Amino acid sequence: MTFSLALTDDQIQLRDWAHEFAEKVIRPAAPEYDESESTPWPVLQEAAKAGLYSYEIMASLREDETGQSFPILVEELFWGDGGIGLSIMGTGLAAAGIAAAGTLEQVIEWVPRCYGTESEVKVAGFCSSEPEAGSDVANMRTTAKYDEAADEWVISGQKAWVTNGGIAEVLVVQAVVEPGLGSRGQAAFVLTSDTAGIAAPSKLRKHGLRASNTADIFFDDVRVPGSALLGGKEKLDEKIARAKEGKKTGGQAAMATFERTRPTVGAMAVGIARAAYEFALDYAKDRVVFGKPIIENQAISFMLADIATEIDAARLLVRRAAWMGASGQPFAAAEGSMSKLKAGRVAVWSTERAIQILGGVGYTREYPVERMHRDAKIFDIFEGTEQIQQLVIARSISGVRLS
């Protein structure tokens, strides 16, 4: 598949469809759910009715050989609002985890359950990070021990910062099954949140993305059937045997999920940055100081020119990485990490510059750019911090095992 920046008719229709939903449904609701820090269930319901929240559309977009459809959709939703956008897209991380590690039968059974139905919307959560294991996946402490007599796995531990934690119907849980093998001794499990022994006592109160529910989840000897192991026991045993022999094991499940989603996270950041830029641009055209619109001042117009350039640069890196992933191109220079690193930096910087252009009013909650700035900061942190992306890129371009 040749890389092209020209959008197909279907991609243009997708962009316009998502943009209209973001403008008419997401944006009017954004201030309320940011202030209340509550899940926007009515918006999720509307997204499901519109066809924007379902496993069908996610599967359909993943089939785009150009890789462009998914970042197009995500950018528009996050242009609407970061918190609500993540409430809509957060389930996709768990669904991607099932698709990356599960058997065909598990995908067919569990992915639809992540989303629920149009009349009864559900969400799902991907449980990987822990208090002592965020970027350092090899330091994971949550364990899963196999009870052969009962054909059950017993999961114990704590997962941190789970998107949709506390409200998710389905959980995908990463756990250590073979201590001593580091990340190669881990596996993923899929289960329902009402399983005995699971608790999410309180949600986290966050700086941004407040419309997206985040919580720690505790697993106290949680028993799940053998069928909960994504990929199956036979495949896991083969992987563990290869690892003990020092052979390659075909990758680590959590990292495989992140590799599938990293350009998507970059698209989220681009959407927020673009929203702040457009608001600041309109404000600069309308705001009159010393008898003329402030955009006629070179300091303001040059600032806006820099923001527009940086957003385009970030988008191009995201689209390239998405195309490479869809067409099976190797990320020889960590192009996926490049896209996420650049987009996160641009989102934080662009939203901060937007506040500066608005001046004092930009610092108040009467205008949306301060919310956008709060929402943007997480893109320097989650799914691999800014520094982790730098490390991945540096290792790729140098061939040196930096630490």
# chains A, B, ... in the order shown; residues from 1 in each chain; ligands from 1
call {"tool": "select_by_dssp", "arguments": {"residues": "stretch 128-320 of chain A", "states": "strand (DSSP E)", "output": "PyMOL selection string"}}
result
chain A and resi 143-147+152-163+170-176+186-192+198-199+214-225+288-289+292-293
call {"tool": "residues_around", "arguments": {"residues": "A:Ser69", "least_positions_apart": "4", "cutoff": "12 Å", "atoms": "only C-alpha atoms", "output": "number ranges by chain"}}
result
A: 5, 7-16, 18, 57-65, 73-76, 263-264, 267, 318-319, 322-323, 326
call {"tool": "write_last_selection", "arguments": {"atoms": "N, CA and C atoms", "output": "short mmCIF file (atom, residue, chain, number, x, y, z; two decimals), in the first residue's frame"}}
result
data_model
loop_
_atom_site.label_atom_id
_atom_site.label_comp_id
_atom_site.auth_asym_id
_atom_site.auth_seq_id
_atom_site.Cartn_x
_atom_site.Cartn_y
_atom_site.Cartn_z
N LEU A 5 -1.15 11.26 1.31
CA LEU A 5 -1.81 12.21 2.21
C LEU A 5 -3.20 12.56 1.73
N LEU A 7 -6.96 12.09 1.22
CA LEU A 7 -7.99 11.29 1.86
C LEU A 7 -8.94 10.72 0.81
N THR A 8 -9.38 9.50 1.05
CA THR A 8 -10.38 8.89 0.18
C THR A 8 -11.75 9.50 0.48
N ASP A 9 -12.71 9.22 -0.37
CA ASP A 9 -14.06 9.71 -0.12
C ASP A 9 -14.61 9.18 1.20
N ASP A 10 -14.32 7.90 1.48
CA ASP A 10 -14.79 7.31 2.74
C ASP A 10 -14.14 7.99 3.95
N GLN A 11 -12.87 8.33 3.83
CA GLN A 11 -12.18 8.98 4.95
C GLN A 11 -12.69 10.40 5.16
N ILE A 12 -13.00 11.09 4.08
CA ILE A 12 -13.57 12.44 4.19
C ILE A 12 -14.94 12.36 4.86
N GLN A 13 -15.73 11.38 4.46
CA GLN A 13 -17.05 11.21 5.06
C GLN A 13 -16.93 10.88 6.54
N LEU A 14 -15.98 10.02 6.90
CA LEU A 14 -15.73 9.68 8.30
C LEU A 14 -15.33 10.92 9.10
N ARG A 15 -14.41 11.70 8.57
CA ARG A 15 -13.96 12.92 9.24
C ARG A 15 -15.12 13.87 9.50
N ASP A 16 -15.93 14.10 8.49
CA ASP A 16 -17.03 15.05 8.62
C ASP A 16 -18.10 14.53 9.58
N ALA A 18 -17.60 12.42 12.17
CA ALA A 18 -17.08 12.52 13.53
C ALA A 18 -17.02 13.98 13.99
N ILE A 57 -17.55 -0.58 14.35
CA ILE A 57 -16.82 0.51 13.70
C ILE A 57 -15.33 0.41 13.98
N MET A 58 -14.97 -0.04 15.18
CA MET A 58 -13.55 -0.18 15.49
C MET A 58 -12.91 -1.24 14.59
N ALA A 59 -13.61 -2.35 14.40
CA ALA A 59 -13.09 -3.41 13.52
C ALA A 59 -13.01 -2.93 12.08
N SER A 60 -14.03 -2.18 11.66
CA SER A 60 -14.06 -1.67 10.29
C SER A 60 -12.90 -0.72 10.02
N LEU A 61 -12.65 0.18 10.96
CA LEU A 61 -11.57 1.15 10.77
C LEU A 61 -10.20 0.48 10.77
N ARG A 62 -10.06 -0.59 11.56
CA ARG A 62 -8.79 -1.31 11.60
C ARG A 62 -8.50 -2.01 10.27
N GLU A 63 -9.52 -2.22 9.47
CA GLU A 63 -9.33 -2.89 8.18
C GLU A 63 -8.84 -1.95 7.09
N ASP A 64 -8.80 -0.66 7.39
CA ASP A 64 -8.32 0.32 6.41
C ASP A 64 -6.83 0.07 6.15
N GLU A 65 -6.50 -0.34 4.95
CA GLU A 65 -5.11 -0.69 4.62
C GLU A 65 -4.17 0.50 4.69
N LEU A 73 -10.62 9.60 12.87
CA LEU A 73 -11.74 9.58 13.82
C LEU A 73 -11.32 10.12 15.17
N VAL A 74 -10.20 9.64 15.68
CA VAL A 74 -9.75 10.02 17.03
C VAL A 74 -9.47 11.52 17.12
N GLU A 75 -8.81 12.06 16.11
CA GLU A 75 -8.49 13.50 16.15
C GLU A 75 -9.76 14.33 16.26
N GLU A 76 -10.79 13.97 15.53
CA GLU A 76 -12.03 14.74 15.57
C GLU A 76 -12.72 14.64 16.93
N PRO A 263 0.21 5.31 17.90
CA PRO A 263 -0.15 6.39 16.97
C PRO A 263 -1.54 6.96 17.24
N THR A 264 -2.45 6.11 17.74
CA THR A 264 -3.79 6.58 18.08
C THR A 264 -3.72 7.59 19.21
N ALA A 267 -2.74 10.84 17.86
CA ALA A 267 -3.87 11.51 17.20
C ALA A 267 -4.77 12.21 18.22
N VAL A 318 2.14 11.16 13.06
CA VAL A 318 1.09 10.22 13.46
C VAL A 318 0.58 9.43 12.27
N ARG A 319 0.28 10.14 11.17
CA ARG A 319 -0.27 9.47 9.99
C ARG A 319 0.76 8.51 9.38
N ALA A 322 0.85 5.44 11.60
CA ALA A 322 -0.37 4.65 11.42
C ALA A 322 -0.30 3.85 10.11
N TRP A 323 0.21 4.48 9.06
CA TRP A 323 0.37 3.78 7.78
C TRP A 323 1.39 2.65 7.90
N ALA A 326 -0.20 -0.27 9.73
CA ALA A 326 -1.24 -0.96 8.94
C ALA A 326 -0.64 -1.77 7.79
#
call {"tool": "residues_around", "arguments": {"residues": "A:Glu169", "least_positions_apart": "5", "cutoff": "7 Å", "atoms": "only C-alpha atoms", "output": "list in words"}}
result
Cys114, Lys122, Val123, Ala124, Thr192 and Ser193 of chain A
call {"tool": "write_last_selection", "arguments": {"atoms": "N, CA and C atoms", "output": "compact mmCIF listing (two decimals), in the first residue's frame"}}
result
# COMPACT_ATOMS: atom_id res chain seq x y z
N CYS A 114 -17.22 -5.78 25.51
CA CYS A 114 -16.55 -4.55 25.97
C CYS A 114 -17.42 -3.32 25.73
N LYS A 122 -21.76 -0.40 27.53
CA LYS A 122 -20.78 -0.84 28.51
C LYS A 122 -19.41 -0.25 28.15
N VAL A 123 -18.49 -0.28 29.12
CA VAL A 123 -17.11 0.12 28.86
C VAL A 123 -16.18 -0.97 29.40
N ALA A 124 -14.93 -0.95 28.95
CA ALA A 124 -13.95 -1.94 29.37
C ALA A 124 -12.67 -1.26 29.81
N THR A 192 -14.80 -10.51 33.84
CA THR A 192 -15.79 -9.48 34.15
C THR A 192 -15.47 -8.85 35.49
N SER A 193 -15.83 -7.59 35.66
CA SER A 193 -15.47 -6.85 36.86
C SER A 193 -16.25 -7.27 38.09
call {"tool": "closest_residue", "arguments": {"among": "A:Ala48, A:Leu317, A:Ala273, A:Ala211", "to": "A:Gln68", "atoms": "only C-alpha atoms"}}
result
A:Leu317
call {"tool": "closest_residue", "arguments": {"among": "A:Thr309, A:Gln174, A:Asn297, A:Thr385", "to": "A:Ile357", "atoms": "only C-alpha atoms"}}
result
A:Asn297
call {"tool": "atom_distance", "arguments": {"atom1": "atom CA of A:Glu130", "atom2": "atom CA of A:Ile217"}}
result
9.5 Å
